[in-house]
Every structure is written in C-alpha cells, then in structure tokens.
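Asker: Supplied in structure tokens, the structure appears directly below.
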Amino acid sequence: MEEIKSTIIQRIKTHFSDATEKEYPYNRVDFSVKKETIPAILFYLKDEMGFKHLSHISCIDWLEENEFEVVFIVWSPTDKIKVFVHTRVDRENPVMDNVDMIWRQANTYEREMREMFGIQFTGLEAPEEFLLEDWEGPPPMRRDFDTEAYATNTYWERPGREDAKDIRETIEKRSGEILPDFAKKYTR
Amino acid sequence: MREKATTLYIGPQHPGITGNMMVRVKVEGDTIVKATTEVGYLHRSFEKLIEKRNWLQSFTLLCRFCVPEPDPVEESYARAVELLEGREVPERAKYIRVLVLELARIASYLLWYGGQSASLGLYTIGQWSVGDRNYILDLFEELTGGRVYHMYIWPGGVRRDLPKGFENKVLKTMDYLEKRLDDYDDLMFDNTIFRKRTQGVGIIDKEKAVEWGVVGPPLRGCGIRSDIRIDDPYEVYNKLDFVVPVEEGGDIWARALVRRQEIRQSIRIIRQVLDNIPAGKYYNKIPNPQKWALPKGDAYTRTEAVRGEVGMYVVSDGGTHPRRAHFRGAAYVHAITLLENLLVGENISDIAAIMNSLGTCPPEIER
C-alpha cells in the first residue's frame, strides 16, 4: 500500500508542478492544485492511473479566507486507494472549469454547486434550476446566507392568521371553548 | 407517416420509487426517445441545518436522508466523526454496528421485493415481504426504540447494549426468513411474468459501468465484483466470511438475482456476528456535546448500502459544529445521469421497473 501511494505521489508531482501532497494513514492521498490544473489532473488520474470511479465532489465555503474549496474524491478499483484533489476558488469571482466530459455524473454535482454556492462552471450545459424553484435569493449554502432573516423578509403569514400567533388562544376566542389548565401552560 | 413525439410526465408520485421525483419522457409510440429527471420536491436543506447543530445533534436529520435504509448514513457520519477525532470504538460496538447494518440491509431488500414486483403488477409479493420486514422492525424496536428511524449508531460506539435474549430472537427471525425466501423464489423468480418483463430490459453497458458511476447491486449485475465491505473494509467486515454475488447481463433480472443472493449472505453475516461478538464495552464516552470541538480537518467515509455506495464527507474547522457535512448517495448518480441514458429506447411500461431496479431514492438526491 505504502509503495503504491509513493508511486502515485511521485507520478503526480512530476506531471503537475503545482501539486502539493499530504499523506494520510491507510488508503488516502491528498493533493492540492491550482484550479486551472483540475481538468488535466483528473484526466490523468482517470486515464493513466486507473482512478476510474468518481466517488464524490464537494464544496466548502471558507468565508474567513474569502475562498471556496472544491474537493474531488476519486477511487481506484484496482489499487484500492482514494485520492482527494483539493482546489481553491476565489469567492468574489467563483469561476472554474467544467469536468463533466471526464465523468458525466460530475454534471449533477456541478449543477448543485452552481445553485447552492454560486460557482460558475465554464461550458456547463444543464438546465439552470436543479433543486430550487424560482429562487431569487443568494446561493443558500454560502456561510453568509442568513436562513432566518431570509425567511422573515421573503415569506409572509397567511391572511387571517394575524391574530392567530398561538392557535390555542384563537380557539378560545373564536369558539368560546375554555381551555384546560395544562394547555394554557404553554400559551405564550 | 412518421409519428409525432409526445411528452409525458411520469411522477412525482408513482410506483417506481420511494419519494417524489419526476421523469419527463418524450415518447414516439410507446418507445422513449428522451428522458429528463426533474427533482426539487423533497429538498429540506439538511446539510445547512447540520451546520447549525453540534456534532451530535445532527443524528435526527441523518436518518431521514433515506427512509428505507437509514442506518448506513448514520454509520458513515459516526465513522467520519471518529476519524476526525481519532476516537477508538470498542470491538463489541463494531460487531453490533455490523449486526444493525445487515438487519437494515435485509429489511430494505424485503421492501425492494415489494417495490420491484409491484412495478410489474405483481402485488402479492409486496404484501408478504412488507409483513416479513415487520419482524425485523420488531427487532429494531426492541434494540433501538424506533422501528424505522433508529439514531442508534453514534460517535464512540452504539447507544445501548443488546437487550437480554436479543441474540436468540435474531437467530429465530433469521431461521424463519431463510425458509421464507424459498417462497419468494417460487412467487417471484419462477414467475414467467417477472422473467419476461425483466430479462433484457434496462441493460447497463459493462465496459462503461464504473466510469458512469454505477455502484452496488447494479454494478454487480454487470459482472463486476465490487463491494465496499471487501474493497475498502470498515467496522469488522474484514473478519467475516461472506461472498459477494455477481451476475452477468446487466439487466433488471441480473440485478434482482444479485439482491436475491445478498439477502442470504446477510443472514450468513448475522449468524457469524452473533457467534463471534465479544463481551465488553459498547460505547466510549464522548465529552459534553455542547463543548465538544473536533480538530481541524476533513474525513470521507463510504458504506455499502443496498442502493450502492453511500458516503459522508465531513469537514471541521476546529469548532463545536460541523463546517460541512456533505452526503453522497448512490441515487444521486443512478437516478439522474444513468437513468436518463438508460431509459432511451425502452418502453413506457418499463420505467417503474427500471427505476426500482436502480434503487432510486429521491430524498438522498435532494437532502
């Protein structure tokens, strides 16, 4: 296992000068590269080194560093090793290359990242909407998206419910029914 | 004269899947020429909610990622948290986890028996298998307190030890199920309708299967021996003796045969677990969850569920809350890019059967 891992690191470092590696125990190897290198390194991993299976693509919003981190996790069915490829994308201008020509299922992950984080993938051909319908707010999975403030400002109470902040009081008022004591305990 | 293509909307409610998802198909006659998956009926933003909770509170959400089989999600998250912290899990807890995962696998396959046959109009099988699944849910109720959602596997081990006499109850249920499976063979696999409707339908290309992201029983139905329990072993699967069944053909029939054999392998695993389970602690206590901060880093864990590979990517920024917990479901790939390509050229009446054979589970697509 350790031999295969060091071969992988060596081959990647000779082909991609900007790749920095980080070793983990057992069957995991991590590389960090510039975002421009992503399609090339993924092509190389898949076609030359047997990492045929795309296991996952994830995105993390590092708000304090003003960057998004995009992680590609690939798995080699022959060597039984998983490789993580990390890259950073500027938060102000989040644009990176589309990789769905390498694995077509990457298309779905990219659609979700475009919608949830606002990352634009150049050349991505897919319908604009994925999970959210008629969404006009900022991308909701960003760390600075305030869920509660957005809900308060965007949605409104159903007409007729203005007086009905607490349903128990409304029942009492409208029907004249007297509430038992245990129910009153929870009344605001 | 050429027939004009018509657009049909299959879903969001239909017998092919558990949950809400629509497939928009363009048909000429009754042959599909284009299929597009439309999701968005079930998005509950679990991953955003998890970021607002501490490391332990997210378990109430995790089990709702996929209703028919929630335990692999809990297990992969718990294991990712343990990896991040470097926390050891007692040996007994690992065995109990395998027991729970395999019971959940059988329960989920029994539900699949019902779904797969009902999608072809054979309703009796579903009545039987859901009834038999209840015996496993009874076991879960006794072990965890919940029938469907368990929240039982958590960081550091499992929540409770096995109740007194539980092993015997499990063994009795397994003996019953093993005999019962022959009845299912008579009713389902020897059934001419089932054979004719599944053989040669929904064929996945073996050469392309790995690249296309096919995992689990659909991949093994293409003749490729791939199982995370063997390839990337977790818990105590490397100490257990079981076979990964493989079938050639890549059609619905091959996938069904793989699942049929896997139930028997799960029963075999459960018997081994009960024979070899060591005594001792079942839980390594975690600190006060309100103040429990994990070291900075990331972890990705994968678990073999009935739908295929499920995974959890967890990132910590050194705080008491997850920075990100991103779930990877098998259906995320199966039900969108794979299904859209697989349906082209098939008959409208086979849509539900194909979707079911891929293990489509919309809640894990949208989360």
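For the structure tokens, the naming scheme is as follows: chains receive sequential letters (A, B, ...) according to their order of presentation, residues are indexed from 1 within each chain, and ligands are indexed from 1 in presentation order.
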Listing only residues of chain A within 10 Å of chain B, what is the closest atom pair and its distance in Å (to one decimal) for each, using only C-alpha atoms, sorted by chain and residue number ascending, as JSON lines?
Answerer:
{"residue": "A:Asn27", "atom": "CA", "partner": "B:Asp232", "partner_atom": "CA", "distance": 8.5}
{"residue": "A:Arg28", "atom": "CA", "partner": "B:Tyr300", "partner_atom": "CA", "distance": 9.6}
{"residue": "A:Lys46", "atom": "CA", "partner": "B:Glu211", "partner_atom": "CA", "distance": 9.0}
{"residue": "A:Phe51", "atom": "CA", "partner": "B:Glu211", "partner_atom": "CA", "distance": 9.3}
{"residue": "A:Lys52", "atom": "CA", "partner": "B:Glu211", "partner_atom": "CA", "distance": 5.6}
{"residue": "A:His53", "atom": "CA", "partner": "B:Glu211", "partner_atom": "CA", "distance": 5.7}
{"residue": "A:Leu54", "atom": "CA", "partner": "B:Gly213", "partner_atom": "CA", "distance": 6.6}
{"residue": "A:Ser55", "atom": "CA", "partner": "B:Gly213", "partner_atom": "CA", "distance": 7.7}
{"residue": "A:His56", "atom": "CA", "partner": "B:Arg328", "partner_atom": "CA", "distance": 6.5}
{"residue": "A:Ile57", "atom": "CA", "partner": "B:Arg328", "partner_atom": "CA", "distance": 8.7}
{"residue": "A:Ser58", "atom": "CA", "partner": "B:His326", "partner_atom": "CA", "distance": 6.8}
{"residue": "A:Cys59", "atom": "CA", "partner": "B:His326", "partner_atom": "CA", "distance": 8.4}
{"residue": "A:Ile60", "atom": "CA", "partner": "B:Arg324", "partner_atom": "CA", "distance": 6.5}
{"residue": "A:Asp61", "atom": "CA", "partner": "B:Arg323", "partner_atom": "CA", "distance": 8.5}
{"residue": "A:Trp62", "atom": "CA", "partner": "B:Arg323", "partner_atom": "CA", "distance": 9.0}
{"residue": "A:Val71", "atom": "CA", "partner": "B:Tyr313", "partner_atom": "CA", "distance": 9.8}
{"residue": "A:Ile73", "atom": "CA", "partner": "B:Tyr300", "partner_atom": "CA", "distance": 8.8}
{"residue": "A:Pro77", "atom": "CA", "partner": "B:Asp231", "partner_atom": "CA", "distance": 7.8}
{"residue": "A:Thr78", "atom": "CA", "partner": "B:Asp231", "partner_atom": "CA", "distance": 9.3}
{"residue": "A:Asp79", "atom": "CA", "partner": "B:Asp231", "partner_atom": "CA", "distance": 9.5}
{"residue": "A:Lys80", "atom": "CA", "partner": "B:Asp231", "partner_atom": "CA", "distance": 6.4}
{"residue": "A:Ile81", "atom": "CA", "partner": "B:Asp232", "partner_atom": "CA", "distance": 8.4}
{"residue": "A:Lys82", "atom": "CA", "partner": "B:Asp232", "partner_atom": "CA", "distance": 9.5}
{"residue": "A:Phe84", "atom": "CA", "partner": "B:Tyr300", "partner_atom": "CA", "distance": 9.5}
{"residue": "A:Ile102", "atom": "CA", "partner": "B:Glu211", "partner_atom": "CA", "distance": 8.7}
{"residue": "A:Trp103", "atom": "CA", "partner": "B:Glu211", "partner_atom": "CA", "distance": 6.5}
{"residue": "A:Arg104", "atom": "CA", "partner": "B:Trp212", "partner_atom": "CA", "distance": 6.8}
{"residue": "A:Gln105", "atom": "CA", "partner": "B:Thr337", "partner_atom": "CA", "distance": 5.8}
{"residue": "A:Ala106", "atom": "CA", "partner": "B:Val333", "partner_atom": "CA", "distance": 8.8}
{"residue": "A:Asn107", "atom": "CA", "partner": "B:Thr337", "partner_atom": "CA", "distance": 8.2}
{"residue": "A:Thr108", "atom": "CA", "partner": "B:Ile336", "partner_atom": "CA", "distance": 7.5}
{"residue": "A:Tyr109", "atom": "CA", "partner": "B:Tyr332", "partner_atom": "CA", "distance": 8.7}
{"residue": "A:Glu112", "atom": "CA", "partner": "B:Glu366", "partner_atom": "CA", "distance": 9.4}
{"residue": "A:Glu129", "atom": "CA", "partner": "B:Gly40", "partner_atom": "CA", "distance": 9.0}
{"residue": "A:Phe130", "atom": "CA", "partner": "B:Val39", "partner_atom": "CA", "distance": 6.7}
{"residue": "A:Leu131", "atom": "CA", "partner": "B:Gly40", "partner_atom": "CA", "distance": 4.2}
{"residue": "A:Leu132", "atom": "CA", "partner": "B:Gly40", "partner_atom": "CA", "distance": 6.1}
{"residue": "A:Glu133", "atom": "CA", "partner": "B:Gly40", "partner_atom": "CA", "distance": 7.3}
{"residue": "A:Pro140", "atom": "CA", "partner": "B:Lys48", "partner_atom": "CA", "distance": 8.2}
{"residue": "A:Met141", "atom": "CA", "partner": "B:Lys48", "partner_atom": "CA", "distance": 6.3}
{"residue": "A:Arg142", "atom": "CA", "partner": "B:Lys48", "partner_atom": "CA", "distance": 9.0}
{"residue": "A:Arg143", "atom": "CA", "partner": "B:Lys48", "partner_atom": "CA", "distance": 9.0}
{"residue": "A:Phe145", "atom": "CA", "partner": "B:Lys48", "partner_atom": "CA", "distance": 9.9}
{"residue": "A:Thr147", "atom": "CA", "partner": "B:Lys48", "partner_atom": "CA", "distance": 8.9}
Asker: Write out as a VMD selection string all residues of range 23-54 of chain A that DSSP puts in strand (DSSP E) for this structure's backbone.
Answerer: chain A and resid 23 28 to 33 53 to 54
Asker: Grab the residues selected above and save them as a PDB file, in the first residue's frame with N, CA, C and O atoms.
Answerer:
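Written file, selection-v8.pdb:
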ATOM      1  N   GLU A  23      -0.058  13.328   3.127  1.00  0.00           N
ATOM      2  CA  GLU A  23      -0.294  11.895   3.311  1.00  0.00           C
ATOM      3  C   GLU A  23      -1.159  11.618   4.523  1.00  0.00           C
ATOM      4  O   GLU A  23      -1.026  12.273   5.553  1.00  0.00           O
ATOM      5  N   ARG A  28      -5.500   6.681   1.807  1.00  0.00           N
ATOM      6  CA  ARG A  28      -5.890   8.011   1.343  1.00  0.00           C
ATOM      7  C   ARG A  28      -4.670   8.869   1.025  1.00  0.00           C
ATOM      8  O   ARG A  28      -3.718   8.915   1.793  1.00  0.00           O
ATOM      9  N   VAL A  29      -4.722   9.560  -0.143  1.00  0.00           N
ATOM     10  CA  VAL A  29      -3.677  10.518  -0.526  1.00  0.00           C
ATOM     11  C   VAL A  29      -4.364  11.809  -0.952  1.00  0.00           C
ATOM     12  O   VAL A  29      -5.369  11.767  -1.668  1.00  0.00           O
ATOM     13  N   ASP A  30      -3.857  12.945  -0.496  1.00  0.00           N
ATOM     14  CA  ASP A  30      -4.452  14.231  -0.852  1.00  0.00           C
ATOM     15  C   ASP A  30      -3.496  15.056  -1.704  1.00  0.00           C
ATOM     16  O   ASP A  30      -2.300  15.056  -1.457  1.00  0.00           O
ATOM     17  N   PHE A  31      -4.062  15.761  -2.692  1.00  0.00           N
ATOM     18  CA  PHE A  31      -3.270  16.723  -3.469  1.00  0.00           C
ATOM     19  C   PHE A  31      -4.011  18.048  -3.474  1.00  0.00           C
ATOM     20  O   PHE A  31      -5.246  18.085  -3.528  1.00  0.00           O
ATOM     21  N   SER A  32      -3.248  19.136  -3.418  1.00  0.00           N
ATOM     22  CA  SER A  32      -3.829  20.461  -3.615  1.00  0.00           C
ATOM     23  C   SER A  32      -3.228  21.043  -4.886  1.00  0.00           C
ATOM     24  O   SER A  32      -2.009  21.003  -5.056  1.00  0.00           O
ATOM     25  N   VAL A  33      -4.111  21.556  -5.759  1.00  0.00           N
ATOM     26  CA  VAL A  33      -3.617  22.127  -7.023  1.00  0.00           C
ATOM     27  C   VAL A  33      -4.332  23.458  -7.279  1.00  0.00           C
ATOM     28  O   VAL A  33      -5.321  23.781  -6.627  1.00  0.00           O
ATOM     29  N   HIS A  53     -13.306   5.569 -10.832  1.00  0.00           N
ATOM     30  CA  HIS A  53     -14.581   5.845 -10.163  1.00  0.00           C
ATOM     31  C   HIS A  53     -14.555   7.206  -9.479  1.00  0.00           C
ATOM     32  O   HIS A  53     -13.708   7.462  -8.623  1.00  0.00           O
ATOM     33  N   LEU A  54     -15.476   8.071  -9.877  1.00  0.00           N
ATOM     34  CA  LEU A  54     -15.629   9.365  -9.199  1.00  0.00           C
ATOM     35  C   LEU A  54     -16.549   9.145  -8.007  1.00  0.00           C
ATOM     36  O   LEU A  54     -17.729   8.858  -8.167  1.00  0.00           O
TER      37      LEU A  54
END
Asker: Got a sec: who's within 6 Å of range 287-296 of chain B, counting only C-alpha atoms, leaving out chain neighbours fewer than 5 positions off, as a PyMOL selection string?
Answerer: chain B and resi 85+316-320
Asker: Selection from above, C-alpha atoms, as a PDB file, in the first residue's frame, can you write it?
Answerer:
ATOM      1  CA  GLU B  85     -11.101  12.973  16.244  1.00  0.00           C
ATOM      2  CA  SER B 316     -14.288  20.503  10.770  1.00  0.00           C
ATOM      3  CA  ASP B 317     -12.863  23.985  11.303  1.00  0.00           C
ATOM      4  CA  GLY B 318     -11.849  23.129  14.851  1.00  0.00           C
ATOM      5  CA  GLY B 319     -15.195  24.142  16.344  1.00  0.00           C
ATOM      6  CA  THR B 320     -18.152  22.576  18.100  1.00  0.00           C
TER       7      THR B 320
END
Asker: Given only C-alpha atoms as the basis, pick out the residue of B:Leu110, B:Leu137, B:Ile270, B:Met151 nearest to Glu75 in chain B.
Answerer: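 Of all the options, B:Met151 lies closest to Glu75 in chain B.
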Asker: What parts of range 172-313 of chain B does DSSP call helix (DSSP H, G or I)? I'd like the answer as a PyMOL selection string.
Answerer: chain B and resi 172-189+192-198+217-220+228-231+237-239+252-276+289-291
Asker: Give me, as a list of chain:residue names, all polymer residues having an atom no more than 12 Å from Val244 in chain B, counting only C-alpha atoms and skipping those fewer than 4 positions away in the same chain.
Answerer: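 Contacts, with the query itself left out: B:Gly216, B:Pro217, B:Leu219, B:Arg220, B:Gly221, B:Gly223, B:Ile224, B:Arg225, B:Ser226, B:Asp227, B:Ile228, B:Arg229, B:Ile230, B:Asp231, B:Val258, B:Arg259, B:Arg260, B:Gln261, B:Glu262, B:Ile263, B:Arg264, B:Gln265, B:Ser266, B:Arg268, B:Ile269, B:Glu304.
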Asker: Can you pull out the residues contacting Ala254 in chain B? Cut-off 8 Å, using only C-alpha atoms, and skip same-chain residues under 4 positions away; I want them as a PyMOL selection string.
Answerer: chain B and resi 199+221-222+247-250+258
Asker: Just how far from CA of Tyr95 in chain B is CA of Arg271 in chain B, in Å to one decimal?
Answerer: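 Spanning CA of Arg271 in chain B to CA of Tyr95 in chain B is a straight-line distance of 11.4 Å.
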Asker: Give me the residues near Tyr152 in chain B as a VMD selection string, where near means some atom within 10 Å (using only C-alpha atoms) and where sequence neighbours in that chain fewer than 6 positions away do not count.
Answerer: chain B and resid 59 63 71 74 to 75 97 100 140 143 to 146 158 to 160
Asker: Write the residues you've just listed into a file as a compact mmCIF listing (two decimals), in the first residue's frame, and include all heavy atoms for each of them.
Answerer:
# COMPACT_ATOMS: atom_id res chain seq x y z
N PHE B 59 -28.02 13.77 14.26
CA PHE B 59 -28.48 12.40 14.00
C PHE B 59 -29.97 12.31 13.70
O PHE B 59 -30.41 11.43 12.96
CB PHE B 59 -28.11 11.47 15.16
CG PHE B 59 -26.70 10.98 15.03
CD1 PHE B 59 -25.66 11.70 15.56
CD2 PHE B 59 -26.41 9.84 14.31
CE1 PHE B 59 -24.36 11.28 15.39
CE2 PHE B 59 -25.12 9.41 14.14
CZ PHE B 59 -24.09 10.13 14.68
N CYS B 63 -30.87 10.27 9.71
CA CYS B 63 -31.63 9.06 9.40
C CYS B 63 -32.72 9.36 8.38
O CYS B 63 -33.27 8.44 7.79
CB CYS B 63 -32.20 8.45 10.66
SG CYS B 63 -33.12 9.58 11.64
N ASP B 71 -29.68 3.40 8.36
CA ASP B 71 -28.51 3.11 9.20
C ASP B 71 -27.15 3.36 8.52
O ASP B 71 -26.24 3.84 9.19
CB ASP B 71 -28.59 1.67 9.71
CG ASP B 71 -29.79 1.50 10.58
OD1 ASP B 71 -29.75 1.92 11.74
OD2 ASP B 71 -30.81 0.99 10.09
N GLU B 74 -26.13 6.98 9.12
CA GLU B 74 -25.69 7.23 10.49
C GLU B 74 -24.30 6.66 10.71
O GLU B 74 -23.44 7.30 11.33
CB GLU B 74 -26.65 6.57 11.49
CG GLU B 74 -28.02 7.20 11.52
CD GLU B 74 -28.98 6.40 12.37
OE1 GLU B 74 -28.53 5.60 13.21
OE2 GLU B 74 -30.19 6.56 12.19
N GLU B 75 -24.09 5.46 10.20
CA GLU B 75 -22.80 4.81 10.41
C GLU B 75 -21.69 5.58 9.74
O GLU B 75 -20.62 5.79 10.34
CB GLU B 75 -22.88 3.38 9.87
CG GLU B 75 -21.80 2.46 10.38
CD GLU B 75 -20.59 2.45 9.48
OE1 GLU B 75 -20.68 2.94 8.34
OE2 GLU B 75 -19.55 1.97 9.92
N ARG B 97 -22.67 -2.80 15.34
CA ARG B 97 -22.94 -1.98 14.16
C ARG B 97 -23.15 -2.84 12.91
O ARG B 97 -24.06 -2.58 12.12
CB ARG B 97 -21.77 -1.02 13.91
CG ARG B 97 -21.76 0.16 14.83
CD ARG B 97 -20.60 1.07 14.47
NE ARG B 97 -20.57 2.22 15.35
CZ ARG B 97 -19.72 3.23 15.21
NH1 ARG B 97 -18.85 3.19 14.23
NH2 ARG B 97 -19.74 4.24 16.03
N VAL B 100 -26.57 -4.36 13.04
CA VAL B 100 -27.62 -3.40 12.68
C VAL B 100 -27.62 -3.14 11.17
O VAL B 100 -28.67 -3.13 10.53
CB VAL B 100 -27.42 -2.08 13.46
CG1 VAL B 100 -28.35 -1.00 12.95
CG2 VAL B 100 -27.67 -2.31 14.94
N PHE B 140 -35.66 -4.15 15.64
CA PHE B 140 -35.12 -2.80 15.77
C PHE B 140 -35.80 -2.05 16.92
O PHE B 140 -35.17 -1.31 17.65
CB PHE B 140 -35.32 -2.01 14.47
CG PHE B 140 -34.24 -2.24 13.46
CD1 PHE B 140 -34.54 -2.51 12.15
CD2 PHE B 140 -32.91 -2.19 13.84
CE1 PHE B 140 -33.55 -2.73 11.22
CE2 PHE B 140 -31.90 -2.40 12.91
CZ PHE B 140 -32.23 -2.67 11.60
N LEU B 143 -34.31 -3.16 20.09
CA LEU B 143 -32.91 -2.77 20.26
C LEU B 143 -32.74 -1.26 20.41
O LEU B 143 -31.99 -0.80 21.27
CB LEU B 143 -32.11 -3.26 19.04
CG LEU B 143 -30.62 -2.96 19.02
CD1 LEU B 143 -29.92 -3.68 20.14
CD2 LEU B 143 -30.02 -3.37 17.69
N THR B 144 -33.44 -0.49 19.57
CA THR B 144 -33.16 0.95 19.49
C THR B 144 -34.30 1.82 20.00
O THR B 144 -34.10 3.00 20.25
CB THR B 144 -32.89 1.36 18.04
OG1 THR B 144 -34.11 1.25 17.30
CG2 THR B 144 -31.86 0.48 17.40
N GLY B 145 -35.50 1.28 20.09
CA GLY B 145 -36.65 2.09 20.50
C GLY B 145 -37.42 2.63 19.31
O GLY B 145 -38.53 3.11 19.47
N GLY B 146 -36.84 2.54 18.11
CA GLY B 146 -37.54 3.04 16.93
C GLY B 146 -37.67 1.94 15.90
O GLY B 146 -36.82 1.05 15.82
N VAL B 158 -22.24 2.49 20.04
CA VAL B 158 -23.69 2.46 19.85
C VAL B 158 -24.35 2.92 21.15
O VAL B 158 -23.71 2.98 22.19
CB VAL B 158 -24.20 1.05 19.46
CG1 VAL B 158 -23.71 0.68 18.08
CG2 VAL B 158 -23.78 0.01 20.47
N ARG B 159 -25.64 3.24 21.06
CA ARG B 159 -26.26 3.90 22.22
C ARG B 159 -26.59 2.97 23.38
O ARG B 159 -26.55 3.37 24.52
CB ARG B 159 -27.54 4.61 21.78
CG ARG B 159 -27.23 5.81 20.93
CD ARG B 159 -28.13 6.93 21.20
NE ARG B 159 -29.51 6.62 20.95
CZ ARG B 159 -30.46 7.53 20.99
NH1 ARG B 159 -30.17 8.77 21.27
NH2 ARG B 159 -31.70 7.20 20.75
N ARG B 160 -26.99 1.75 23.06
CA ARG B 160 -27.34 0.82 24.13
C ARG B 160 -26.72 -0.54 23.83
O ARG B 160 -26.46 -0.86 22.67
CB ARG B 160 -28.86 0.65 24.24
CG ARG B 160 -29.52 1.79 24.93
CD ARG B 160 -31.03 1.59 24.92
NE ARG B 160 -31.66 2.89 24.75
CZ ARG B 160 -32.10 3.38 23.60
NH1 ARG B 160 -31.99 2.66 22.51
NH2 ARG B 160 -32.62 4.57 23.52
Asker: Could you jot down the CA of Pro245 in chain B to CA of Asp182 in chain B separation for me, Å, one decimal place?
Answerer: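 Spanning CA of Pro245 in chain B to CA of Asp182 in chain B is a straight-line distance of 17.7 Å.
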Asker: Leaving out Glu125 in chain A and any residue of its chain fewer than 4 positions from it, which residues lie within 10 Å of it when counting only C-alpha atoms, given as JSON, numbers by chain?
Answerer: {"A": [98, 100, 107, 111, 121]}
Asker: To one decimal place, how far is CA of Pro218 in chain B from CA of Val236 in chain B in Å?
Answerer: 24.6 Å
